[in-house]
Amino acid sequence: MSRVSGVLALMLAGALLLSLLLGSVDLPLSRVLAALAGEGPAGDRLVVWQIRLPRALAAAMVGAALGMSGAALQGLLRNPLAEPGILGVSATAALFATFVLYFGLATAGPLVLPLAAVGGALLATMVVAAAAIVTRSVVTLILIGVGLSSFSAAVMALLMNLAPNPFSLADMVNWMLGTVDNRSLADLAFAAPFMALGAAILMVSRRGLAALALGDEAAEGLGLDLGRQRLCVILGAGLATGAAVALAGAIGFVGIVAPHLVRPFLRYDPARLLVPSALLGAVMLVIADIGVRVLPTDAELKLGVVASLFGAPVFVWIAARRRLA
Amino acid sequence: MTLLRADGLRYLAGDRPLVKDASFALEPGTLSVLIGPNGSGKSTLLRLALGLLKPDGGEATIGGTPVATLSPMARARRIAYLPQARPLVWPQPVGDIVALGRFAYGAAPGRLSQEDRAAVARALAAFHLQGFEERAADTLSGGELARAHLARALAAETPLIVADEPVAALDPRHQHQTMQLFRDMARAGRAVLTVVHDLDLALRYADRLLWMSEGCLVADGSPHATVSASRLREVFRIDAAVVEAGDRTLRLDIAGPS
């Protein structure tokens, strides 16, 4: 593990602990630690294990998945402004989730909504992967992603336009804004395998991202199997992003900002960027979720809203400071 | 042993042929220079020969194996390829860019074996880039960057280097140094195939000239055997006289477009 990753892992541990300490019930550190170890009053254990830990872990997992997917997609597309959403994966996942909400299918079981999101992400992933292999052009790949995103957003707007009652509208809005409130350990357990598989695919194929820094043609000359590399990154990022949307809804900018911030510390190497980007993405979302809870607003702010409020200006600042064209 | 053989390679863009029935074989110990006007199909021919483009006819073999059946990594350990387009998006340090030349041996920047490290150091020295290892790519001049890419290709230490216009951005001193380096590599038993637009440079250093015109290889042989005023007019559409210098090298006295 690099020094950067070590520092970020420590920051993540600290952020997670802080997240466990905060909430509507005042619990001192000693009682939180006792509850974590399975001791202390049942009430403490309930608060820590059923409410705070799932929430903190969900924020960390979603941040990590988005951070790593962003880093991998930026390496593949050789575009520092790329994000998991650029391939239309997030948008399609969110659309499928909205779809089951709209038709009331979500009440059939607790797993229907997450399944729909992962299904949408995988569908988008497969469409884009097929296009990637056929066209071998990165520009086409991005444009297909943009088209997919726009189409999903349009259908989503249509569904909201036609929402049968204010309750389902509110449901959809909640989903689109992104939140890790009220997540259970079961929700996490469902998303975790998809995230782990996606992250594993990305980690196994990460060396190829280093070669892609020289351009597609030179990378092929170096011995990279370009078609397979694209497939690996799209599958890995698709799985991880789909699972992230399933867990927390649409949360933007983490996948753009996290890789940018760590890149200078890793000699701008797209391969070595993955783990630190995942860790920083996790730190960012855990801290953003802490912010959501401590800000004294009447209605609790949505995590995705806070992430965008901080992420968008950082993104603009980064874009303005780009060095190589 | 033949390092690379192209056998009747043909490539169509739509119905327009970019390369027509091109055949050549590269043997160790030779510096071959591919010349021809813009759009004559030189880069396409290189890509076809390397198996990076699928030909519409003909076949390329590397060390006797058809390129289509060779894994990308196995091919990259036999031939280092420097394409004409070298887009960089990240301001990486020069040392890491050159280290990517070792990709086919399982290496990556930050993951170099002793052998990889030595090869990278040799390549950096060959192009006078010592001291540039930590310089970010976006702080280099065009010529320095071109040398970094050349060093990357050299670091693979392959039997054959294929380079598409490697000296275009270099000043005269570095142009000659690069061509001398290529010639020395050929003398040492390796082989180089390179596209060069400066005909005087090609005539001075090439053991063999491959003349390309409108998708066809129209002449193939030593500079003395292939260069003539009429061929220059046919292929390049220039009026030029061929002058023999004292050391038997040929030079051109170009009057202008014909």
# chains A, B, ... in the order shown; residues from 1 in each chain; ligands from 1
call {"tool": "residues_around", "arguments": {"residues": "segment 254-262 of chain A", "least_positions_apart": "3", "cutoff": "8 Å", "atoms": "only C-alpha atoms", "output": "list in words"}}
result
Gly63, Leu66, Gly67, Met68, Ser69, Gly70, Ala71, Pro80, Leu81, Ala82, Glu83, Pro84, Ile251, Phe265, Leu266, Leu273, Leu274, Pro276, Ser277, Ala278, Leu280, Gly281, Met284, Leu285, Ala307, Gly311, Val314, Phe315 and Ile318 of chain A
call {"tool": "interface_residues", "arguments": {"of": "chain A", "to": "chain B", "cutoff": "8 Å", "atoms": "only C-alpha atoms", "output": "list in words"}}
result
Arg78, Asn79, Arg207, Ala210, Ala211, Ala213, Leu214, Gly215, Glu217, Ala218, Glu220, Gly221, Leu222, Gly223, Leu224, Asp225, Arg267, Tyr268, Asp269, Arg323, Leu324 and Ala325 of chain A
call {"tool": "select_by_dssp", "arguments": {"residues": "segment 10-233 of chain A", "states": "alpha helix (DSSP H)", "output": "PyMOL selection string"}}
result
chain A and resi 10-21+29-36+42-45+53-77+89-102+112-135+138-161+166-177+185-204+206-212+216-221+226-233
call {"tool": "residues_around", "arguments": {"residues": "segment 117-121 of chain B", "least_positions_apart": "5", "cutoff": "7 Å", "atoms": "only C-alpha atoms", "output": "list in words"}}
result
Val98, Ala99, Leu112 and Ala155 of chain B
call {"tool": "residues_around", "arguments": {"residues": "segment 210-218 of chain B", "least_positions_apart": "3", "cutoff": "6 Å", "atoms": "only C-alpha atoms", "output": "PDB file with N, CA, C and O atoms, in the first residue's frame"}}
result
ATOM      1  N   LEU B  18      -6.065   2.078 -49.489  1.00  0.00           N
ATOM      2  CA  LEU B  18      -5.003   2.882 -48.868  1.00  0.00           C
ATOM      3  C   LEU B  18      -3.655   2.190 -49.033  1.00  0.00           C
ATOM      4  O   LEU B  18      -2.624   2.840 -49.140  1.00  0.00           O
ATOM      5  N   VAL B  19      -3.680   0.865 -49.017  1.00  0.00           N
ATOM      6  CA  VAL B  19      -2.470   0.077 -49.241  1.00  0.00           C
ATOM      7  C   VAL B  19      -2.814  -1.028 -50.224  1.00  0.00           C
ATOM      8  O   VAL B  19      -3.817  -1.719 -50.062  1.00  0.00           O
ATOM      9  N   LYS B  20      -1.963  -1.166 -51.278  1.00  0.00           N
ATOM     10  CA  LYS B  20      -2.236  -2.167 -52.311  1.00  0.00           C
ATOM     11  C   LYS B  20      -1.074  -3.155 -52.400  1.00  0.00           C
ATOM     12  O   LYS B  20       0.031  -2.750 -52.748  1.00  0.00           O
ATOM     13  N   ALA B  22       1.240  -4.705 -50.701  1.00  0.00           N
ATOM     14  CA  ALA B  22       2.578  -4.324 -50.238  1.00  0.00           C
ATOM     15  C   ALA B  22       3.274  -5.529 -49.627  1.00  0.00           C
ATOM     16  O   ALA B  22       2.719  -6.203 -48.756  1.00  0.00           O
ATOM     17  N   LEU B  34      11.210   4.107 -44.594  1.00  0.00           N
ATOM     18  CA  LEU B  34      10.030   4.132 -45.457  1.00  0.00           C
ATOM     19  C   LEU B  34       9.768   5.584 -45.831  1.00  0.00           C
ATOM     20  O   LEU B  34       9.582   6.437 -44.963  1.00  0.00           O
ATOM     21  N   ILE B  35       9.823   5.875 -47.135  1.00  0.00           N
ATOM     22  CA  ILE B  35       9.601   7.254 -47.574  1.00  0.00           C
ATOM     23  C   ILE B  35       8.439   7.302 -48.556  1.00  0.00           C
ATOM     24  O   ILE B  35       8.084   6.300 -49.181  1.00  0.00           O
ATOM     25  N   GLY B  36       7.857   8.474 -48.658  1.00  0.00           N
ATOM     26  CA  GLY B  36       6.725   8.671 -49.557  1.00  0.00           C
ATOM     27  C   GLY B  36       6.010   9.947 -49.166  1.00  0.00           C
ATOM     28  O   GLY B  36       6.139  10.413 -48.039  1.00  0.00           O
ATOM     29  N   SER B  40       0.438   8.700 -48.667  1.00  0.00           N
ATOM     30  CA  SER B  40       0.769   7.586 -49.559  1.00  0.00           C
ATOM     31  C   SER B  40       0.526   6.237 -48.893  1.00  0.00           C
ATOM     32  O   SER B  40       0.686   5.203 -49.538  1.00  0.00           O
ATOM     33  N   GLY B  41       0.161   6.240 -47.612  1.00  0.00           N
ATOM     34  CA  GLY B  41      -0.205   4.990 -46.947  1.00  0.00           C
ATOM     35  C   GLY B  41       0.877   4.421 -46.045  1.00  0.00           C
ATOM     36  O   GLY B  41       0.791   3.266 -45.636  1.00  0.00           O
ATOM     37  N   VAL B 235       7.456  10.004 -57.640  1.00  0.00           N
ATOM     38  CA  VAL B 235       6.925   9.699 -56.311  1.00  0.00           C
ATOM     39  C   VAL B 235       6.590  10.965 -55.528  1.00  0.00           C
ATOM     40  O   VAL B 235       5.508  11.093 -54.967  1.00  0.00           O
TER      41      VAL B 235
END
call {"tool": "atom_distance", "arguments": {"atom1": "atom CA of Ala148 of chain B", "atom2": "atom CA of Thr30 of chain B"}}
result
23.7 Å
call {"tool": "residues_around", "arguments": {"residues": "segment 137-148 of chain A", "least_positions_apart": "6", "cutoff": "7 Å", "atoms": "only C-alpha atoms", "output": "PyMOL selection string"}}
result
chain A and resi 77+86-88+128+131
call {"tool": "residues_around", "arguments": {"residues": "segment 62-64 of chain B", "least_positions_apart": "6", "cutoff": "9 Å", "atoms": "only C-alpha atoms", "output": "PyMOL selection string"}}
result
chain B and resi 1-6+49-50+70+75+78-79
call {"tool": "write_last_selection", "arguments": {"atoms": "all heavy atoms", "output": "compact mmCIF listing (two decimals), in the first residue's frame"}}
result
# COMPACT_ATOMS: atom_id res chain seq x y z
N MET B 1 17.38 -14.76 -40.10
CA MET B 1 15.98 -14.96 -39.75
C MET B 1 15.18 -13.67 -40.03
O MET B 1 15.63 -12.60 -39.70
CB MET B 1 15.86 -15.32 -38.27
CG MET B 1 14.45 -15.71 -37.89
SD MET B 1 14.23 -15.85 -36.10
CE MET B 1 13.65 -14.24 -35.69
N THR B 2 14.05 -13.83 -40.64
CA THR B 2 13.23 -12.67 -40.95
C THR B 2 12.47 -12.23 -39.71
O THR B 2 11.78 -13.02 -39.08
CB THR B 2 12.23 -13.01 -42.06
OG1 THR B 2 12.96 -13.47 -43.19
CG2 THR B 2 11.41 -11.78 -42.45
N LEU B 3 12.62 -10.95 -39.34
CA LEU B 3 11.94 -10.44 -38.15
C LEU B 3 10.48 -10.14 -38.44
O LEU B 3 9.60 -10.44 -37.63
CB LEU B 3 12.64 -9.17 -37.66
CG LEU B 3 14.08 -9.33 -37.16
CD1 LEU B 3 14.69 -7.97 -36.91
CD2 LEU B 3 14.10 -10.17 -35.89
N LEU B 4 10.25 -9.51 -39.58
CA LEU B 4 8.89 -9.11 -39.93
C LEU B 4 8.72 -9.27 -41.43
O LEU B 4 9.55 -8.83 -42.21
CB LEU B 4 8.67 -7.64 -39.51
CG LEU B 4 7.35 -6.98 -39.92
CD1 LEU B 4 6.18 -7.65 -39.24
CD2 LEU B 4 7.38 -5.50 -39.56
N ARG B 5 7.64 -9.95 -41.81
CA ARG B 5 7.39 -10.13 -43.23
C ARG B 5 5.96 -9.68 -43.54
O ARG B 5 5.01 -10.08 -42.87
CB ARG B 5 7.56 -11.60 -43.62
CG ARG B 5 7.25 -11.88 -45.11
CD ARG B 5 7.27 -13.37 -45.38
NE ARG B 5 8.58 -13.95 -45.18
CZ ARG B 5 9.57 -13.89 -46.08
NH1 ARG B 5 9.38 -13.29 -47.24
NH2 ARG B 5 10.73 -14.42 -45.83
N ALA B 6 5.85 -8.82 -44.56
CA ALA B 6 4.54 -8.41 -45.05
C ALA B 6 4.35 -9.04 -46.41
O ALA B 6 5.23 -8.97 -47.26
CB ALA B 6 4.45 -6.90 -45.16
N ALA B 49 1.32 -4.10 -40.87
CA ALA B 49 2.43 -5.02 -40.66
C ALA B 49 2.51 -5.46 -39.20
O ALA B 49 2.90 -6.59 -38.90
CB ALA B 49 3.74 -4.37 -41.09
N LEU B 50 2.11 -4.56 -38.29
CA LEU B 50 2.17 -4.88 -36.86
C LEU B 50 0.94 -5.63 -36.38
O LEU B 50 0.87 -6.06 -35.24
CB LEU B 50 2.31 -3.58 -36.05
CG LEU B 50 3.66 -2.90 -36.10
CD1 LEU B 50 3.57 -1.48 -35.59
CD2 LEU B 50 4.66 -3.69 -35.29
N LEU B 70 -0.66 -14.02 -32.84
CA LEU B 70 0.31 -13.64 -31.81
C LEU B 70 -0.41 -12.80 -30.74
O LEU B 70 -1.21 -11.93 -31.07
CB LEU B 70 1.41 -12.82 -32.47
CG LEU B 70 2.83 -12.90 -31.95
CD1 LEU B 70 3.33 -14.33 -31.94
CD2 LEU B 70 3.74 -12.04 -32.81
N ARG B 75 3.88 -10.00 -29.26
CA ARG B 75 4.28 -9.14 -30.36
C ARG B 75 5.12 -7.97 -29.85
O ARG B 75 6.15 -7.61 -30.43
CB ARG B 75 3.04 -8.61 -31.08
CG ARG B 75 3.34 -7.92 -32.38
CD ARG B 75 2.72 -6.56 -32.53
NE ARG B 75 1.36 -6.45 -32.07
CZ ARG B 75 1.00 -5.65 -31.09
NH1 ARG B 75 1.89 -4.91 -30.48
NH2 ARG B 75 -0.25 -5.59 -30.72
N ARG B 78 8.72 -8.45 -29.35
CA ARG B 78 9.56 -8.58 -30.56
C ARG B 78 9.71 -7.25 -31.28
O ARG B 78 10.71 -7.00 -31.92
CB ARG B 78 8.91 -9.57 -31.52
CG ARG B 78 8.57 -10.88 -30.86
CD ARG B 78 9.24 -12.02 -31.57
NE ARG B 78 8.72 -13.27 -31.08
CZ ARG B 78 8.26 -14.22 -31.88
NH1 ARG B 78 8.26 -14.03 -33.18
NH2 ARG B 78 7.82 -15.34 -31.38
N ILE B 79 8.65 -6.43 -31.25
CA ILE B 79 8.67 -5.17 -31.99
C ILE B 79 8.22 -4.03 -31.08
O ILE B 79 7.14 -4.10 -30.50
CB ILE B 79 7.72 -5.22 -33.21
CG1 ILE B 79 8.05 -6.42 -34.10
CG2 ILE B 79 7.81 -3.91 -34.00
CD1 ILE B 79 7.13 -6.54 -35.30
call {"tool": "residues_around", "arguments": {"residues": "Leu36 of chain A", "least_positions_apart": "4", "cutoff": "8 Å", "atoms": "only C-alpha atoms", "output": "PyMOL selection string"}}
result
chain A and resi 32+45+48-49
call {"tool": "atom_distance", "arguments": {"atom1": "atom CA of Leu113 of chain A", "atom2": "atom CA of Val305 of chain A"}}
result
21.0 Å
call {"tool": "atom_distance", "arguments": {"atom1": "atom CA of Gln50 of chain A", "atom2": "atom CA of Leu105 of chain A"}}
result
25.7 Å
